[in-house]
Structures are given as structure tokens and as C-alpha cells.
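One file, final19.cif, is given below (mmCIF, C-alpha atoms and all ligand atoms).
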```cif
data_run
#
loop_
_atom_site.label_atom_id
_atom_site.label_comp_id
_atom_site.auth_asym_id
_atom_site.auth_seq_id
_atom_site.Cartn_x
_atom_site.Cartn_y
_atom_site.Cartn_z
CA MET A 1 63.24 6.50 -140.80
CA TYR A 2 60.90 9.20 -139.48
CA SER A 3 57.56 8.24 -138.02
CA GLN A 4 54.46 9.96 -139.43
CA LEU A 5 54.40 11.93 -136.21
CA GLU A 6 57.88 13.34 -136.62
CA GLN A 7 57.11 14.20 -140.21
CA ARG A 8 54.07 16.15 -139.03
CA GLY A 9 56.27 17.98 -136.51
CA MET A 10 54.08 17.17 -133.50
CA ALA A 11 55.50 17.88 -130.07
CA GLU A 12 54.17 14.73 -128.41
CA PRO A 13 53.41 11.31 -129.83
CA PRO A 14 49.73 10.36 -130.09
CA VAL A 15 48.39 8.41 -127.13
CA ASN A 16 47.83 4.72 -127.74
CA ILE A 17 46.80 1.82 -125.53
CA SER A 18 50.43 1.22 -124.46
CA THR A 19 50.68 4.85 -123.32
CA LEU A 20 47.59 4.39 -121.14
CA ILE A 21 48.89 1.14 -119.62
CA LYS A 22 52.26 2.82 -118.90
CA MET A 23 50.43 5.69 -117.22
CA LYS A 24 48.61 3.22 -114.97
CA ASN A 25 51.85 1.41 -114.13
CA GLU A 26 53.65 4.69 -113.38
CA ASP A 27 50.71 6.10 -111.42
CA VAL A 28 50.19 9.04 -113.78
CA PRO A 29 46.49 10.03 -113.77
CA ILE A 30 44.74 9.73 -117.14
CA ALA A 31 42.58 12.74 -118.05
CA CYS A 32 39.61 11.98 -120.30
CA LEU A 33 36.68 13.97 -121.67
CA THR A 34 33.86 13.40 -124.08
CA ALA A 35 33.61 15.38 -127.33
CA TYR A 36 31.20 15.19 -130.21
CA ASP A 37 32.51 17.56 -132.90
CA ALA A 38 35.77 18.74 -134.46
CA SER A 39 35.98 22.16 -132.77
CA PHE A 40 35.47 20.93 -129.22
CA ALA A 41 37.62 17.84 -129.86
CA ALA A 42 40.45 20.16 -130.94
CA LEU A 43 40.12 22.19 -127.73
CA VAL A 44 39.99 19.06 -125.57
CA ASP A 45 43.10 17.78 -127.35
CA GLN A 46 44.93 21.11 -126.93
CA ALA A 47 44.00 21.12 -123.25
CA GLY A 48 46.00 17.91 -122.88
CA ALA A 49 43.29 15.27 -122.45
CA ASP A 50 44.76 11.82 -123.00
CA LEU A 51 41.55 10.16 -124.18
CA VAL A 52 38.45 11.47 -125.93
CA LEU A 53 35.22 9.50 -125.81
CA VAL A 54 32.44 10.05 -128.31
CA GLY A 55 29.90 8.88 -125.79
CA ASP A 56 26.28 8.00 -126.35
CA SER A 57 25.75 10.82 -123.83
CA LEU A 58 25.43 12.73 -127.11
CA GLY A 59 21.80 11.62 -127.02
CA MET A 60 21.30 13.74 -123.91
CA VAL A 61 23.66 16.70 -124.41
CA ILE A 62 23.41 17.13 -128.20
CA GLN A 63 20.08 15.59 -129.18
CA GLY A 64 18.09 16.58 -126.10
CA TYR A 65 16.77 13.16 -125.08
CA ASP A 66 16.29 12.20 -121.41
CA THR A 67 18.38 9.04 -121.79
CA THR A 68 21.00 7.53 -124.11
CA VAL A 69 18.60 4.82 -125.31
CA PRO A 70 17.52 6.46 -128.62
CA VAL A 71 21.09 6.93 -129.90
CA THR A 72 21.93 4.91 -133.04
CA VAL A 73 25.15 3.51 -134.49
CA ASP A 74 24.87 6.00 -137.35
CA ASP A 75 24.68 8.87 -134.82
CA VAL A 76 27.88 7.71 -133.08
CA ILE A 77 29.68 7.14 -136.39
CA TYR A 78 28.83 10.67 -137.54
CA HIS A 79 30.02 12.31 -134.31
CA THR A 80 33.15 10.11 -134.11
CA ARG A 81 34.10 10.96 -137.67
CA VAL A 82 33.78 14.71 -137.10
CA ALA A 83 35.45 14.64 -133.66
CA ALA A 84 38.37 12.64 -135.09
CA ARG A 85 39.18 15.56 -137.39
CA GLY A 86 39.91 17.76 -134.39
CA LEU A 87 42.37 15.39 -132.70
CA GLN A 88 46.13 15.20 -132.90
CA ARG A 89 47.23 13.48 -129.71
CA ALA A 90 44.31 12.06 -127.72
CA PHE A 91 43.19 8.42 -128.00
CA LEU A 92 39.73 8.21 -129.60
CA VAL A 93 37.07 5.86 -128.19
CA ALA A 94 33.53 5.50 -129.57
CA ASP A 95 30.50 4.21 -127.71
CA MET A 96 28.46 1.26 -128.90
CA PRO A 97 24.87 2.44 -128.41
CA PHE A 98 21.92 0.60 -126.88
CA MET A 99 21.24 -2.79 -128.53
CA SER A 100 24.07 -2.43 -131.03
CA TYR A 101 25.94 -5.39 -129.47
CA SER A 102 23.20 -7.86 -128.64
CA SER A 103 24.88 -10.73 -130.52
CA GLN A 104 28.51 -11.46 -131.32
CA GLN A 105 28.03 -10.86 -135.04
CA GLN A 106 26.06 -7.64 -134.54
CA ALA A 107 28.71 -6.35 -132.12
CA LEU A 108 31.50 -7.20 -134.52
CA ASP A 109 29.75 -5.56 -137.50
CA ASN A 110 29.02 -2.37 -135.55
CA ALA A 111 32.47 -2.16 -133.96
CA VAL A 112 34.03 -2.48 -137.42
CA ARG A 113 31.82 0.38 -138.65
CA LEU A 114 32.80 2.59 -135.70
CA MET A 115 36.46 2.00 -136.48
CA GLN A 116 36.37 2.09 -140.28
CA GLU A 117 33.72 4.77 -140.86
CA GLY A 118 34.17 6.75 -137.65
CA GLY A 119 37.91 6.41 -137.12
CA ALA A 120 37.59 5.13 -133.53
CA MET A 121 40.65 3.45 -132.03
CA MET A 122 38.59 1.55 -129.45
CA VAL A 123 34.92 0.79 -128.82
CA LYS A 124 33.16 0.99 -125.48
CA LEU A 125 30.25 -1.18 -124.44
CA GLU A 126 28.23 -1.40 -121.25
CA GLY A 127 27.98 -4.66 -119.39
CA GLY A 128 29.37 -7.09 -116.89
CA ALA A 129 29.67 -10.86 -117.00
CA GLY A 130 26.82 -11.02 -119.55
CA GLN A 131 29.05 -9.43 -122.19
CA ILE A 132 32.04 -11.76 -121.82
CA GLY A 133 31.34 -13.61 -125.10
CA ILE A 134 30.93 -10.31 -126.98
CA VAL A 135 34.20 -8.91 -125.58
CA GLU A 136 36.05 -12.17 -126.31
CA ASN A 137 34.85 -12.15 -129.90
CA LEU A 138 35.84 -8.50 -130.44
CA ALA A 139 39.25 -9.11 -128.85
CA ARG A 140 39.74 -12.20 -131.03
CA HIS A 141 39.36 -9.86 -134.00
CA ASP A 142 41.88 -7.39 -132.50
CA ILE A 143 39.22 -4.78 -131.78
CA PRO A 144 40.24 -2.81 -128.68
CA VAL A 145 37.46 -2.74 -126.08
CA CYS A 146 36.58 -0.55 -123.12
CA ALA A 147 34.16 -2.31 -120.75
CA HIS A 148 31.79 0.10 -118.98
CA ILE A 149 30.58 -1.23 -115.62
CA GLY A 150 28.97 0.22 -112.48
CA LEU A 151 26.11 2.50 -113.48
CA LYS A 152 25.16 1.55 -117.03
CA PRO A 153 23.06 4.40 -118.42
CA GLN A 154 21.68 2.24 -121.24
CA SER A 155 20.00 0.11 -118.52
CA VAL A 156 18.33 3.11 -116.89
CA HIS A 157 14.79 1.78 -117.40
CA LYS A 158 15.75 -1.61 -115.94
CA ILE A 159 17.55 -0.09 -112.93
CA GLY A 160 14.86 2.54 -112.33
CA GLY A 161 17.00 5.67 -112.57
CA PHE A 162 20.59 6.90 -112.54
CA LYS A 163 21.71 5.54 -109.15
CA VAL A 164 24.95 4.76 -107.33
CA GLN A 165 25.88 1.08 -107.90
CA GLY A 166 27.69 -1.49 -105.76
CA ARG A 167 26.71 -0.13 -102.38
CA ASP A 168 26.08 -3.57 -100.89
CA SER A 169 28.96 -5.98 -100.43
CA ASP A 170 27.62 -8.76 -102.68
CA LYS A 171 27.11 -6.39 -105.59
CA ALA A 172 30.52 -4.80 -104.96
CA ARG A 173 32.22 -8.21 -104.98
CA GLN A 174 30.35 -9.12 -108.17
CA MET A 175 31.57 -5.91 -109.82
CA VAL A 176 35.20 -6.67 -108.98
CA ASP A 177 34.73 -10.21 -110.35
CA ASP A 178 33.11 -8.81 -113.51
CA ALA A 179 36.03 -6.44 -114.08
CA VAL A 180 38.52 -9.30 -113.74
CA ALA A 181 36.46 -11.52 -116.07
CA LEU A 182 36.13 -8.75 -118.66
CA GLU A 183 39.87 -8.16 -118.59
CA GLU A 184 40.49 -11.89 -118.99
CA ALA A 185 38.06 -11.85 -121.94
CA GLY A 186 40.18 -9.17 -123.61
CA ALA A 187 38.95 -5.76 -122.40
CA ASP A 188 41.77 -3.22 -122.61
CA ILE A 189 40.21 -0.50 -120.42
CA VAL A 190 37.53 -0.56 -117.75
CA LEU A 191 35.23 2.44 -117.32
CA LEU A 192 33.61 2.52 -113.91
CA GLU A 193 30.63 4.80 -113.32
CA CYS A 194 29.01 5.98 -110.12
CA VAL A 195 30.30 3.66 -107.39
CA PRO A 196 31.61 4.27 -103.87
CA ASN A 197 35.30 5.26 -103.56
CA GLU A 198 36.27 1.96 -101.94
CA LEU A 199 34.85 -0.02 -104.85
CA GLY A 200 36.62 2.22 -107.38
CA LYS A 201 39.89 1.45 -105.64
CA ALA A 202 39.14 -2.28 -105.34
CA VAL A 203 38.38 -2.63 -109.07
CA THR A 204 41.51 -0.63 -109.96
CA GLU A 205 43.70 -2.88 -107.82
CA ALA A 206 42.09 -6.07 -109.18
CA VAL A 207 42.88 -5.49 -112.86
CA SER A 208 45.99 -4.52 -114.79
CA ALA A 209 43.95 -2.65 -117.41
CA PRO A 210 43.61 1.12 -116.83
CA VAL A 211 40.41 1.97 -114.93
CA ILE A 212 38.78 5.28 -115.85
CA GLY A 213 36.26 6.53 -113.33
CA ILE A 214 33.28 8.84 -113.49
CA GLY A 215 31.93 9.26 -110.00
CA ALA A 216 34.16 6.37 -108.87
CA GLY A 217 36.36 8.34 -106.50
CA PRO A 218 40.06 9.19 -106.48
CA GLY A 219 41.41 5.61 -106.31
CA VAL A 220 41.09 4.89 -110.07
CA ASP A 221 43.68 5.39 -112.82
CA GLY A 222 41.92 8.23 -114.61
CA GLN A 223 38.87 10.46 -114.62
CA ILE A 224 36.33 11.23 -117.32
CA LEU A 225 33.53 13.77 -117.40
CA VAL A 226 30.99 14.79 -119.99
CA LEU A 227 32.30 17.90 -121.77
CA TYR A 228 29.08 19.88 -121.38
CA ASP A 229 29.12 19.27 -117.60
CA VAL A 230 32.73 20.49 -117.30
CA LEU A 231 31.75 23.67 -119.18
CA GLY A 232 28.62 24.27 -117.13
CA ILE A 233 26.38 24.01 -120.21
CA THR A 234 24.20 21.20 -118.86
CA GLN A 235 20.90 22.58 -117.57
CA GLY A 236 19.11 21.44 -114.43
CA ARG A 237 20.31 18.97 -111.85
CA VAL A 238 23.74 17.43 -112.48
CA PRO A 239 25.20 14.36 -110.75
CA ARG A 240 27.18 14.84 -107.54
CA PHE A 241 30.47 13.89 -109.25
CA VAL A 242 30.24 16.76 -111.77
CA ARG A 243 32.40 19.84 -111.38
CA ASP A 244 31.86 22.92 -113.53
CA PHE A 245 35.33 24.22 -114.42
CA MET A 246 34.15 27.47 -116.08
CA PRO A 247 34.04 29.62 -112.94
CA GLY A 248 37.53 31.08 -112.50
CA SER A 249 38.53 30.28 -116.13
CA ASP A 250 38.62 33.01 -118.75
CA SER A 251 37.91 30.78 -121.76
CA VAL A 252 36.61 27.37 -122.77
CA LEU A 253 40.19 26.21 -123.40
CA GLY A 254 41.16 27.56 -119.98
CA ALA A 255 38.39 25.55 -118.29
CA LEU A 256 39.40 22.38 -120.12
CA LYS A 257 43.05 22.89 -119.14
CA HIS A 258 41.90 23.43 -115.57
CA PHE A 259 40.05 20.08 -115.66
CA VAL A 260 43.13 18.27 -117.03
CA GLU A 261 45.38 19.88 -114.38
CA ALA A 262 42.92 19.01 -111.60
CA VAL A 263 42.91 15.35 -112.70
CA LYS A 264 46.69 15.28 -113.00
CA ASP A 265 47.30 16.87 -109.58
CA ARG A 266 44.44 14.80 -108.10
CA SER A 267 42.54 17.83 -106.79
CA TYR A 268 39.55 16.47 -108.77
CA PRO A 269 37.59 14.55 -107.62
CA ALA A 270 37.36 16.17 -104.20
CA PRO A 271 35.35 14.56 -101.38
CA GLU A 272 32.19 16.46 -102.39
CA HIS A 273 32.28 14.69 -105.79
CA CYS A 274 32.53 11.21 -104.28
CA PHE A 275 30.27 8.47 -102.91
CA SER A 276 31.44 6.73 -99.78
O1 LIG A 301 28.38 8.25 -122.93
C1 LIG A 301 29.20 8.79 -122.20
O2 LIG A 301 29.54 9.96 -122.31
C2 LIG A 301 29.78 7.99 -121.15
C3 LIG A 301 30.37 8.75 -120.02
C4 LIG A 301 29.33 8.90 -118.98
C5 LIG A 301 31.59 8.15 -119.53
O3 LIG A 301 29.72 6.80 -121.16
#
```
As C-alpha cells, what does this structure read like?
Ligand code: KIV
Amino acid sequence: MYSQLEQRGMAEPPVNISTLIKMKNEDVPIACLTAYDASFAALVDQAGADLVLVGDSLGMVIQGYDTTVPVTVDDVIYHTRVAARGLQRAFLVADMPFMSYSSQQQALDNAVRLMQEGGAMMVKLEGGAGQIGIVENLARHDIPVCAHIGLKPQSVHKIGGFKVQGRDSDKARQMVDDAVALEEAGADIVLLECVPNELGKAVTEAVSAPVIGIGAGPGVDGQILVLYDVLGITQGRVPRFVRDFMPGSDSVLGALKHFVEAVKDRSYPAPEHCFS
């Protein structure tokens, strides 16, 4: 019997969670990008990205806010639904926005909406040990979860800015413990933002789930960047870990392919994109 994929005549099977785990185990870097609409999602997919995140960064790059805090579940559902239409191969993850997972029931209801109405294959939420119960409950209902630790942009007002996390040894140790606890609770992927290289490597070695880094150095299993940063669209100051792939590329698709190649051949992130 033919799979749906073979019937559609696609060259490569769609990425699923097993593909990502196999990539980690075989040391094949996982290339990830955000996307928020069908046209860009299609280009990101064609460029060969393995995972597409409809991030709540949409609040900053699409809606023009200074933070991700104002983004709503309805916003993410809308952008996930339209981005999904552009994808053929990449694995689709949707962000749970600020205060959309403050209780187990609320998290479950919103995760179900992101999957059923948006078409997400996994939900991402920010948090460490404090979110264990939420992650356990989602996992118990077979909802795939990506746990976002390190810099948690939804906590920007509590932290006092977008800052490198885990610089001191106690906090670094706590972050490794959190990653292990989140995996034990059922998290399928860990996303690690803005930490020193050594900590990125330590978290990656401590868990068997794939670890996707953004500003977490070269020692993680995959890299993700915000699409508008990769295309040099973002105005003003950008974080140190950002690389604009437009210079030297003759098209948007060319720049996205360049990003994917740079992740795969490990030329990105280079030392200038890292925190030590
Ligand atoms: O919302 C987002 O785009 C993210 C990335 C920073 C990984 O969480």
C-alpha cells in the first residue's frame, strides 16, 4: 500500500519527531526557522529547513510590538493555519503565547486548539521546573511538547531585558536539571535560548531529546533563527547570535538555502555569534 506521501509524489518524507531524534542520534544538524505565512513557509520548506516554528516572535516582527507579551492564542492559531498551507516536508511547531498555559486545563485547551485549528504538530512553551505539571499533563494526552528554556522572552519584564542566561554555575546547573526534568515529564524537544556555549553543550549531552539552540552555541543538535533576522528585515539592533544571510545571496530562497547549508555544515554559528 502506498503512503499518502508516495501518492503525492514527494521526493522526501515529511519530518516527524522520530526523524528529529534520529538526526540527533546520527549527529546530523537540525535546521529550523520561524515562519508566519504560507508564502514564506513554502520558501523555508523548499530551502530544506527541517522544522518551522510559528513563534510568538510574530508579535515583534509582524505586529510591531516591543515584546511577545501581547500575542494571543488566536493570533498564533491564525498564523499557524496559514503557514501550514505552505509546508510539505518541515515539522510544524506552534508557540503557546504568554499566559496561555497558566493551569493544566488552560494549557490543554489551548494546545488542542493550536493542533486542531492551526494544524500544529507540536506546541512550544516557555519554562523550567515550574512547568513540569503542565508538560506532564500535555504528554499524558499525547500532545508533543517543545520546552523552551534559557532566555524566556515572555518573562522579559521579570528578568529586566533580553539577557544571556546561565552565566553563573548555580544557574547553569539548574538549567541542566530543568532540561532533564522536562524531558522526564514528557518534553520531546528542548529549545535553548541565549546561553553560553558550554551550557548549550551540557544541556545537549544531558538529554536524549533533540536540543535546538538560538544563541546557544555550536554544541546543540540544531539551530533556529527568526526568519526576518535571517533575511535582514529586522530594523535596529539585533542580538549577537543573529546572522543576516541576504548579503551574497541573489534571492530570498537563496538566503534561506544558505542558512540551512550553514547549519548543516556547522559554519553557523561562528564564534562571533556565540556567548562564552
Ligand atoms: O517565538 C520565537 O520565534 C521563538 C524563537 C526565538 C525561537 O521562540
| field | Test item: residues lying within 6 Å of ligand LIG 301 (chain A) with only C-alpha atoms and all ligand atoms, as a ChimeraX atom specification | value | /A:34,55-57,226
Give me a file of those residues, with C-alpha atoms, as a tab-separated table (two decimals), in the frame of the given file.
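The resulting file, again_24.tsv, is reproduced below:
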```tsv
chain	number	residue	atom	x	y	z
A	34	THR	CA	33.86	13.40	-124.08
A	55	GLY	CA	29.90	8.88	-125.79
A	56	ASP	CA	26.28	8.00	-126.35
A	57	SER	CA	25.75	10.82	-123.83
A	226	VAL	CA	30.99	14.79	-119.99
```
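One finds CA of Ser39 (chain A) at 21.3 Å from CA of Pro247 (chain A).
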| field | Selected residue of minimal separation from Leu138 (chain A) among A:Ala84, A:Ala179, A:Ala185, A:Leu92, counting only C-alpha atoms | value | A:Ala185
| query | Near region 240-242 of chain A, counting only C-alpha atoms, which residues have an atom at most 8 Å away, once you skip same-chain residues fewer than 5 positions from it, shown as JSON, numbers by chain? | reply | {"A": [214, 215, 225, 229, 230, 269, 272, 273, 274]}
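Distance cut-off 8 Å, centre (40.7, 0.5, -124.7), atoms counted only C-alpha atoms; the residues meeting this are Ile17, Val93, Met121, Met122, Val123, Lys124, Pro144, Val145, Cys146, Ala187, Asp188, Ile189 and Val190 of chain A.
For Ala38 (chain A), the non-local neighbours within 6 Å, defined as residues at least 6 positions apart in the same chain or in other chains and counting all atoms listed in the file, are A:Val82, A:Ala83, A:Arg85, A:Gly86.
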Written selection (C-alpha atoms) as a PDB file, keeping the file's coordinate frame:
```pdb
ATOM      1  CA  VAL A  82      33.780  14.710-137.100  1.00  0.00           C
ATOM      2  CA  ALA A  83      35.450  14.640-133.660  1.00  0.00           C
ATOM      3  CA  ARG A  85      39.180  15.560-137.390  1.00  0.00           C
ATOM      4  CA  GLY A  86      39.910  17.760-134.390  1.00  0.00           C
TER       5      GLY A  86
END
```
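In terms of minimum interatomic distance to Ile21 (chain A), A:Asp50 ranks closest within A:Leu151, A:Asp50, A:Asp244, A:Leu125, counting all atoms listed in the file.
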Counting all atoms listed in the file, which residues of region 107-155 of chain A sit at most 10 Å from some atom of region 165-172 of chain A, and what is each one's closest atom pair with its distance in Å to one decimal, listed by chain and rising residue number, as CSV?
```
residue,atom,partner,partner_atom,distance
A:Ile149,CA,A:Gln165,CA,9.3
A:Gly150,CA,A:Gln165,CA,5.6
A:Leu151,CA,A:Gln165,CA,5.8
A:Lys152,CA,A:Gln165,CA,9.2
```
| task | Using only C-alpha atoms, determine which residues lie at most 10 Å from Asn110 (chain A), disregarding the query and same-chain residues fewer than 3 positions distant; provide the list as a VMD selection string. | result | chain A and resid 73 to 74 77 96 to 97 100 to 101 105 to 107 113 to 116 123
| task | Find the distance between CA of Pro218 (chain A) and CA of Val61 (chain A) and write it in Å to one decimal. | result | 25.4 Å
| request: Please tell me which residues are no farther than 10 Å from (33.5, -4.9, -111.0) in the file, counting all atoms listed in the file, and write them as a PyMOL selection string. | output: chain A and resi 128-129+148-150+166+171-182+190-192+195+199-200+202-204+206-207
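Considering all atoms listed in the file, the residue among A:Val263, A:Cys194, A:Ile134, A:Ala216 positioned nearest to Cys32 (chain A) is A:Val263.
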Just add N, CA, C and O atoms to region 150-167 of chain A and send it as a PDB file, keeping the file's coordinate frame.
```
ATOM      1  N   GLY A 150      29.507  -0.697-113.497  1.00  0.00           N
ATOM      2  CA  GLY A 150      28.970   0.220-112.480  1.00  0.00           C
ATOM      3  C   GLY A 150      27.611   0.684-112.965  1.00  0.00           C
ATOM      4  O   GLY A 150      26.786  -0.134-113.403  1.00  0.00           O
ATOM      5  N   LEU A 151      27.369   1.977-112.929  1.00  0.00           N
ATOM      6  CA  LEU A 151      26.110   2.500-113.480  1.00  0.00           C
ATOM      7  C   LEU A 151      26.185   2.400-115.003  1.00  0.00           C
ATOM      8  O   LEU A 151      27.101   2.943-115.624  1.00  0.00           O
ATOM      9  N   LYS A 152      25.195   1.708-115.578  1.00  0.00           N
ATOM     10  CA  LYS A 152      25.160   1.550-117.030  1.00  0.00           C
ATOM     11  C   LYS A 152      23.953   2.324-117.546  1.00  0.00           C
ATOM     12  O   LYS A 152      22.817   1.849-117.447  1.00  0.00           O
ATOM     13  N   PRO A 153      24.195   3.538-118.065  1.00  0.00           N
ATOM     14  CA  PRO A 153      23.060   4.400-118.420  1.00  0.00           C
ATOM     15  C   PRO A 153      22.095   3.779-119.433  1.00  0.00           C
ATOM     16  O   PRO A 153      20.914   4.117-119.439  1.00  0.00           O
ATOM     17  N   GLN A 154      22.599   2.853-120.274  1.00  0.00           N
ATOM     18  CA  GLN A 154      21.680   2.240-121.240  1.00  0.00           C
ATOM     19  C   GLN A 154      20.648   1.334-120.547  1.00  0.00           C
ATOM     20  O   GLN A 154      19.642   0.962-121.130  1.00  0.00           O
ATOM     21  N   SER A 155      20.929   0.977-119.280  1.00  0.00           N
ATOM     22  CA  SER A 155      20.000   0.110-118.520  1.00  0.00           C
ATOM     23  C   SER A 155      19.107   0.926-117.604  1.00  0.00           C
ATOM     24  O   SER A 155      18.508   0.374-116.677  1.00  0.00           O
ATOM     25  N   VAL A 156      19.026   2.232-117.841  1.00  0.00           N
ATOM     26  CA  VAL A 156      18.330   3.110-116.890  1.00  0.00           C
ATOM     27  C   VAL A 156      16.892   2.661-116.600  1.00  0.00           C
ATOM     28  O   VAL A 156      16.431   2.730-115.459  1.00  0.00           O
ATOM     29  N   HIS A 157      16.189   2.175-117.618  1.00  0.00           N
ATOM     30  CA  HIS A 157      14.790   1.780-117.400  1.00  0.00           C
ATOM     31  C   HIS A 157      14.688   0.473-116.618  1.00  0.00           C
ATOM     32  O   HIS A 157      13.676   0.210-115.969  1.00  0.00           O
ATOM     33  N   LYS A 158      15.722  -0.338-116.688  1.00  0.00           N
ATOM     34  CA  LYS A 158      15.750  -1.610-115.940  1.00  0.00           C
ATOM     35  C   LYS A 158      16.138  -1.336-114.484  1.00  0.00           C
ATOM     36  O   LYS A 158      15.594  -1.939-113.558  1.00  0.00           O
ATOM     37  N   ILE A 159      17.072  -0.397-114.299  1.00  0.00           N
ATOM     38  CA  ILE A 159      17.550  -0.090-112.930  1.00  0.00           C
ATOM     39  C   ILE A 159      16.555   0.796-112.188  1.00  0.00           C
ATOM     40  O   ILE A 159      16.481   0.784-110.965  1.00  0.00           O
ATOM     41  N   GLY A 160      15.807   1.612-112.959  1.00  0.00           N
ATOM     42  CA  GLY A 160      14.860   2.540-112.330  1.00  0.00           C
ATOM     43  C   GLY A 160      15.529   3.856-111.957  1.00  0.00           C
ATOM     44  O   GLY A 160      15.271   4.408-110.886  1.00  0.00           O
ATOM     45  N   GLY A 161      16.407   4.347-112.812  1.00  0.00           N
ATOM     46  CA  GLY A 161      17.000   5.670-112.570  1.00  0.00           C
ATOM     47  C   GLY A 161      18.515   5.608-112.587  1.00  0.00           C
ATOM     48  O   GLY A 161      19.107   4.528-112.641  1.00  0.00           O
ATOM     49  N   PHE A 162      19.126   6.794-112.557  1.00  0.00           N
ATOM     50  CA  PHE A 162      20.590   6.900-112.540  1.00  0.00           C
ATOM     51  C   PHE A 162      21.020   6.868-111.079  1.00  0.00           C
ATOM     52  O   PHE A 162      20.919   7.872-110.386  1.00  0.00           O
ATOM     53  N   LYS A 163      21.439   5.707-110.592  1.00  0.00           N
ATOM     54  CA  LYS A 163      21.710   5.540-109.150  1.00  0.00           C
ATOM     55  C   LYS A 163      23.126   5.015-108.920  1.00  0.00           C
ATOM     56  O   LYS A 163      23.655   4.285-109.755  1.00  0.00           O
ATOM     57  N   VAL A 164      23.649   5.302-107.730  1.00  0.00           N
ATOM     58  CA  VAL A 164      24.950   4.760-107.330  1.00  0.00           C
ATOM     59  C   VAL A 164      24.848   3.226-107.304  1.00  0.00           C
ATOM     60  O   VAL A 164      23.856   2.675-106.817  1.00  0.00           O
ATOM     61  N   GLN A 165      25.870   2.555-107.821  1.00  0.00           N
ATOM     62  CA  GLN A 165      25.880   1.080-107.900  1.00  0.00           C
ATOM     63  C   GLN A 165      26.909   0.505-106.930  1.00  0.00           C
ATOM     64  O   GLN A 165      27.880   1.176-106.578  1.00  0.00           O
ATOM     65  N   GLY A 166      26.693  -0.755-106.556  1.00  0.00           N
ATOM     66  CA  GLY A 166      27.690  -1.490-105.760  1.00  0.00           C
ATOM     67  C   GLY A 166      27.780  -1.043-104.321  1.00  0.00           C
ATOM     68  O   GLY A 166      28.832  -1.145-103.702  1.00  0.00           O
ATOM     69  N   ARG A 167      26.672  -0.568-103.784  1.00  0.00           N
ATOM     70  CA  ARG A 167      26.710  -0.130-102.380  1.00  0.00           C
ATOM     71  C   ARG A 167      26.705  -1.319-101.417  1.00  0.00           C
ATOM     72  O   ARG A 167      27.237  -1.227-100.338  1.00  0.00           O
TER      73      ARG A 167
END
```
